[in-house]
$ cat my_file-v2.pdb   # PDB, C-alpha atoms, pLDDT in the B column
ATOM      1  CA  MET C   1       3.423-188.375  17.443  1.00 81.00           C
ATOM      2  CA  SER C   2       6.733-187.393  15.900  1.00 82.00           C
ATOM      3  CA  ILE C   3       7.060-184.439  18.291  1.00 88.00           C
ATOM      4  CA  LEU C   4       6.514-186.773  21.240  1.00 87.00           C
ATOM      5  CA  LEU C   5       9.215-189.127  19.969  1.00 84.00           C
ATOM      6  CA  LEU C   6      11.607-186.222  19.396  1.00 84.00           C
ATOM      7  CA  VAL C   7      11.087-184.916  22.943  1.00 83.00           C
ATOM      8  CA  LEU C   8      11.450-188.419  24.359  1.00 82.00           C
ATOM      9  CA  LEU C   9      14.688-189.076  22.492  1.00 78.00           C
ATOM     10  CA  THR C  10      16.274-185.714  23.300  1.00 80.00           C
ATOM     11  CA  THR C  11      15.423-185.904  26.999  1.00 78.00           C
ATOM     12  CA  THR C  12      16.617-189.480  27.429  1.00 75.00           C
ATOM     13  CA  GLN C  13      19.643-189.501  25.132  1.00 73.00           C
ATOM     14  CA  THR C  14      21.084-186.009  25.727  1.00 76.00           C
ATOM     15  CA  PRO C  15      21.855-183.833  28.751  1.00 77.00           C
ATOM     16  CA  LEU C  16      18.562-182.006  28.166  1.00 80.00           C
ATOM     17  CA  GLY C  17      16.969-184.705  30.313  1.00 79.00           C
ATOM     18  CA  GLN C  18      18.455-182.871  33.278  1.00 82.00           C
ATOM     19  CA  LEU C  19      15.721-180.261  32.831  1.00 83.00           C
ATOM     20  CA  TRP C  20      13.303-182.726  34.456  1.00 84.00           C
ATOM     21  CA  LYS C  21      15.227-182.078  37.683  1.00 86.00           C
ATOM     22  CA  LEU C  22      14.446-178.341  37.755  1.00 88.00           C
ATOM     23  CA  PRO C  23      11.713-178.776  40.424  1.00 90.00           C
ATOM     24  CA  LEU C  24      14.390-180.272  42.708  1.00 89.00           C
ATOM     25  CA  LEU C  25      16.549-177.192  42.150  1.00 89.00           C
ATOM     26  CA  ILE C  26      13.679-174.832  43.003  1.00 91.00           C
ATOM     27  CA  GLU C  27      12.719-176.817  46.090  1.00 92.00           C
ATOM     28  CA  HIS C  28      16.338-176.953  47.287  1.00 89.00           C
ATOM     29  CA  PHE C  29      16.756-173.215  46.700  1.00 91.00           C
ATOM     30  CA  TYR C  30      13.632-172.425  48.749  1.00 91.00           C
ATOM     31  CA  LYS C  31      14.947-174.614  51.554  1.00 90.00           C
ATOM     32  CA  HIS C  32      18.287-172.732  51.639  1.00 88.00           C
ATOM     33  CA  ASN C  33      16.580-169.364  51.201  1.00 89.00           C
ATOM     34  CA  LYS C  34      14.309-170.075  54.173  1.00 91.00           C
ATOM     35  CA  GLN C  35      17.188-171.255  56.387  1.00 88.00           C
ATOM     36  CA  GLU C  36      19.979-168.882  55.357  1.00 87.00           C
ATOM     37  CA  GLY C  37      18.320-166.131  53.310  1.00 89.00           C
ATOM     38  CA  VAL C  38      20.647-166.563  50.296  1.00 88.00           C
ATOM     39  CA  SER C  39      19.898-165.085  46.884  1.00 90.00           C
ATOM     40  CA  LEU C  40      19.419-167.266  43.817  1.00 89.00           C
ATOM     41  CA  LEU C  41      22.734-166.182  42.292  1.00 90.00           C
ATOM     42  CA  LYS C  42      24.660-166.926  45.492  1.00 88.00           C
ATOM     43  CA  PHE C  43      22.870-170.272  45.784  1.00 87.00           C
ATOM     44  CA  LEU C  44      23.816-171.269  42.224  1.00 87.00           C
ATOM     45  CA  ILE C  45      27.431-170.149  42.604  1.00 86.00           C
ATOM     46  CA  ASP C  46      27.734-171.950  45.927  1.00 85.00           C
ATOM     47  CA  HIS C  47      26.102-175.216  44.864  1.00 84.00           C
ATOM     48  CA  TYR C  48      27.745-175.492  41.438  1.00 83.00           C
ATOM     49  CA  SER C  49      31.296-174.773  42.575  1.00 81.00           C
ATOM     50  CA  ALA C  50      33.735-177.617  43.082  1.00 73.00           C
ATOM     51  CA  GLN C  51      34.385-176.671  46.707  1.00 79.00           C
ATOM     52  CA  HIS C  52      30.779-176.964  47.903  1.00 75.00           C
ATOM     53  CA  LYS C  53      30.440-179.417  50.794  1.00 78.00           C
ATOM     54  CA  ASP C  54      27.642-179.253  53.348  1.00 77.00           C
ATOM     55  CA  ALA C  55      25.310-181.457  55.415  1.00 80.00           C
ATOM     56  CA  ASP C  56      22.851-182.072  52.557  1.00 79.00           C
ATOM     57  CA  GLN C  57      25.424-183.356  50.071  1.00 80.00           C
ATOM     58  CA  SER C  58      23.162-186.195  48.885  1.00 80.00           C
ATOM     59  CA  GLU C  59      20.472-183.664  47.922  1.00 83.00           C
ATOM     60  CA  ASP C  60      23.049-181.445  46.232  1.00 82.00           C
ATOM     61  CA  GLU C  61      24.165-184.314  43.966  1.00 81.00           C
ATOM     62  CA  GLN C  62      20.586-184.683  42.650  1.00 81.00           C
ATOM     63  CA  LEU C  63      20.451-181.125  41.302  1.00 85.00           C
ATOM     64  CA  PRO C  64      20.231-180.693  37.522  1.00 84.00           C
ATOM     65  CA  PHE C  65      23.490-180.564  35.559  1.00 80.00           C
ATOM     66  CA  LYS C  66      25.435-181.559  38.673  1.00 78.00           C
ATOM     67  CA  THR C  67      26.413-184.888  37.141  1.00 72.00           C
ATOM     68  CA  VAL C  68      25.939-185.254  33.395  1.00 63.00           C
ATOM     69  CA  MET C  69      26.448-188.653  31.804  1.00 64.00           C
ATOM     70  CA  LEU C  70      26.687-189.063  28.042  1.00 59.00           C
ATOM     71  CA  GLU C  71      26.134-192.787  27.655  1.00 58.00           C
ATOM     72  CA  ASN C  72      23.832-193.398  24.732  1.00 57.00           C
ATOM     73  CA  VAL C  73      24.739-190.733  22.234  1.00 57.00           C
ATOM     74  CA  ALA C  74      25.102-192.275  18.782  1.00 65.00           C
ATOM     75  CA  PHE C  75      25.671-190.875  15.343  1.00 68.00           C
ATOM     76  CA  ALA C  76      24.218-192.172  12.120  1.00 71.00           C
ATOM     77  CA  ILE C  77      26.225-191.551   8.994  1.00 72.00           C
ATOM     78  CA  VAL C  78      23.980-191.708   5.951  1.00 70.00           C
ATOM     79  CA  PRO C  79      25.818-191.578   2.635  1.00 70.00           C
ATOM     80  CA  ASN C  80      24.453-189.650  -0.296  1.00 72.00           C
ATOM     81  CA  ILE C  81      22.447-191.659  -2.763  1.00 71.00           C
ATOM     82  CA  LEU C  82      24.634-192.623  -5.670  1.00 67.00           C
ATOM     83  CA  LYS C  83      22.777-192.338  -8.947  1.00 70.00           C
ATOM     84  CA  ILE C  84      24.325-193.988 -11.967  1.00 72.00           C
ATOM     85  CA  HIS C  85      22.721-193.705 -15.367  1.00 72.00           C
ATOM     86  CA  PHE C  86      23.401-196.562 -17.757  1.00 70.00           C
ATOM     87  CA  PRO C  87      22.479-195.545 -21.307  1.00 74.00           C
ATOM     88  CA  LEU C  88      21.967-199.140 -22.422  1.00 70.00           C
ATOM     89  CA  THR C  89      18.904-199.957 -24.440  1.00 73.00           C
ATOM     90  CA  PHE C  90      17.779-203.380 -25.487  1.00 72.00           C
ATOM     91  CA  ASN C  91      15.845-203.673 -28.747  1.00 75.00           C
ATOM     92  CA  ILE C  92      13.873-206.846 -28.188  1.00 74.00           C
ATOM     93  CA  PRO C  93      10.747-207.149 -30.309  1.00 74.00           C
ATOM     94  CA  ILE C  94       7.702-208.179 -28.342  1.00 75.00           C
ATOM     95  CA  GLU C  95       5.256-210.356 -30.279  1.00 74.00           C
ATOM     96  CA  ILE C  96       2.082-211.922 -29.020  1.00 71.00           C
ATOM     97  CA  ARG C  97       0.761-214.709 -31.223  1.00 71.00           C
ATOM     98  CA  LEU C  98      -2.650-216.241 -30.682  1.00 66.00           C
ATOM     99  CA  LYS C  99      -4.230-219.156 -32.456  1.00 65.00           C
ATOM    100  CA  GLU C 100      -6.719-218.244 -35.110  1.00 64.00           C
ATOM    101  CA  ILE C 101      -9.448-220.237 -33.367  1.00 65.00           C
ATOM    102  CA  TYR C 102      -9.498-219.747 -29.631  1.00 60.00           C
ATOM    103  CA  THR C 103     -10.847-222.608 -27.559  1.00 61.00           C
ATOM    104  CA  PRO C 104     -11.227-222.235 -23.827  1.00 60.00           C
ATOM    105  CA  GLN C 105      -9.706-224.767 -21.515  1.00 61.00           C
ATOM    106  CA  GLN C 106     -11.777-227.928 -21.436  1.00 55.00           C
ATOM    107  CA  HIS C 107     -11.464-228.553 -17.739  1.00 54.00           C
ATOM    108  CA  LEU C 108     -13.054-225.184 -17.001  1.00 59.00           C
ATOM    109  CA  CYS C 109     -16.264-225.906 -18.964  1.00 57.00           C
ATOM    110  CA  ALA C 110     -17.562-228.873 -17.047  1.00 55.00           C
ATOM    111  CA  ILE C 111     -16.017-230.808 -14.236  1.00 61.00           C
ATOM    112  CA  PHE C 112     -17.832-234.160 -14.473  1.00 62.00           C
ATOM    113  CA  HIS C 113     -18.027-234.625 -18.273  1.00 60.00           C
ATOM    114  CA  PRO C 114     -15.546-236.262 -20.571  1.00 62.00           C
ATOM    115  CA  PRO C 115     -13.260-233.900 -22.454  1.00 62.00           C
ATOM    116  CA  ARG C 116     -15.015-231.966 -25.215  1.00 62.00           C
ATOM    117  CA  HIS C 117     -14.939-228.527 -26.733  1.00 62.00           C
ATOM    118  CA  CYS C 118     -16.965-225.959 -24.860  1.00 57.00           C
ATOM    119  CA  ALA C 119     -19.224-223.589 -26.682  1.00 57.00           C
ATOM    120  CA  LEU C 120     -18.536-219.935 -26.139  1.00 56.00           C
ATOM    121  CA  VAL C 121     -21.457-218.065 -24.652  1.00 50.00           C
TER     122      VAL C 121
END
$ encode --input "my_file-v2.pdb" --output "structure tokens"
Amino acid sequence: MSILLLVLLTTTQTPLGQLWKLPLLIEHFYKHNKQEGVSLLKFLIDHYSAQHKDADQSEDEQLPFKTVMLENVAFAIVPNILKIHFPLTFNIPIEIRLKEIYTPQQHLCAIFHPPRHCALV
């Protein structure tokens, strides 16, 4: 699941999302290769130069890395955890005092009887 989220974030929030357009590049290259017989290197140089203008300009603008927009790139600055050790000790004696004779709560012995001491079972 974490790998899926990592791929999703990197392809939507970084220019690596342009790799999804590679099939358009291949299809456009085959179209030009069929019509003009250009090599892949000549095609890339021609289509990624600033002077390239031809009849299929709208298709050329959809090629990967032709227009890269960095809109949602954010940075998170996480400071180091500051650990402070306070060598303070509190010497408070803890005492638990119980009555010598323990009697359970009267209202827990019987609900509909008048108050009396319950016998321990």
$ atom_distance --input "my_file-v2.pdb" --atom1 "atom CA of C:Lys31" --atom2 "atom CA of C:Thr11"
27.0 Å
$ atom_distance --input "my_file-v2.pdb" --atom1 "atom CA of C:Pro15" --atom2 "atom CA of C:Ile3"
18.1 Å
$ axis_aligned_box --input "my_file-v2.pdb" --around "stretch 81-89 of chain C" --padding-each-side "5 Å" --output "AutoDock Vina command-line options"
--center_x 21.8 --center_y -195.8 --center_z -13.6 --size_x 15.7 --size_y 18.3 --size_z 31.7
$ atom_distance --input "my_file-v2.pdb" --atom1 "atom CA of C:Tyr48" --atom2 "atom CA of C:His28"
12.9 Å
$ closest_residue --input "my_file-v2.pdb" --among "C:Leu5, C:Lys66, C:Ile94, C:Trp20" --to "C:His52" --atoms "all atoms listed in the file"
C:Lys66
$ resolve_selection --input "my_file-v2.pdb" --expression "the PyMOL selection byres ((chain C and resi 39-44) around 10)" --output "PDB file with C-alpha atoms, in the frame of the given file"
ATOM      1  CA  LEU C  25      16.549-177.192  42.150  1.00 89.00           C
ATOM      2  CA  ILE C  26      13.679-174.832  43.003  1.00 91.00           C
ATOM      3  CA  HIS C  28      16.338-176.953  47.287  1.00 89.00           C
ATOM      4  CA  PHE C  29      16.756-173.215  46.700  1.00 91.00           C
ATOM      5  CA  TYR C  30      13.632-172.425  48.749  1.00 91.00           C
ATOM      6  CA  HIS C  32      18.287-172.732  51.639  1.00 88.00           C
ATOM      7  CA  ASN C  33      16.580-169.364  51.201  1.00 89.00           C
ATOM      8  CA  GLU C  36      19.979-168.882  55.357  1.00 87.00           C
ATOM      9  CA  GLY C  37      18.320-166.131  53.310  1.00 89.00           C
ATOM     10  CA  VAL C  38      20.647-166.563  50.296  1.00 88.00           C
ATOM     11  CA  ILE C  45      27.431-170.149  42.604  1.00 86.00           C
ATOM     12  CA  ASP C  46      27.734-171.950  45.927  1.00 85.00           C
ATOM     13  CA  HIS C  47      26.102-175.216  44.864  1.00 84.00           C
ATOM     14  CA  TYR C  48      27.745-175.492  41.438  1.00 83.00           C
ATOM     15  CA  SER C  49      31.296-174.773  42.575  1.00 81.00           C
TER      16      SER C  49
END
$ closest_residue --input "my_file-v2.pdb" --among "C:Lys21, C:Lys34, C:Arg97, C:His85" --to "C:Gln62" --atoms "all atoms listed in the file"
C:Lys21
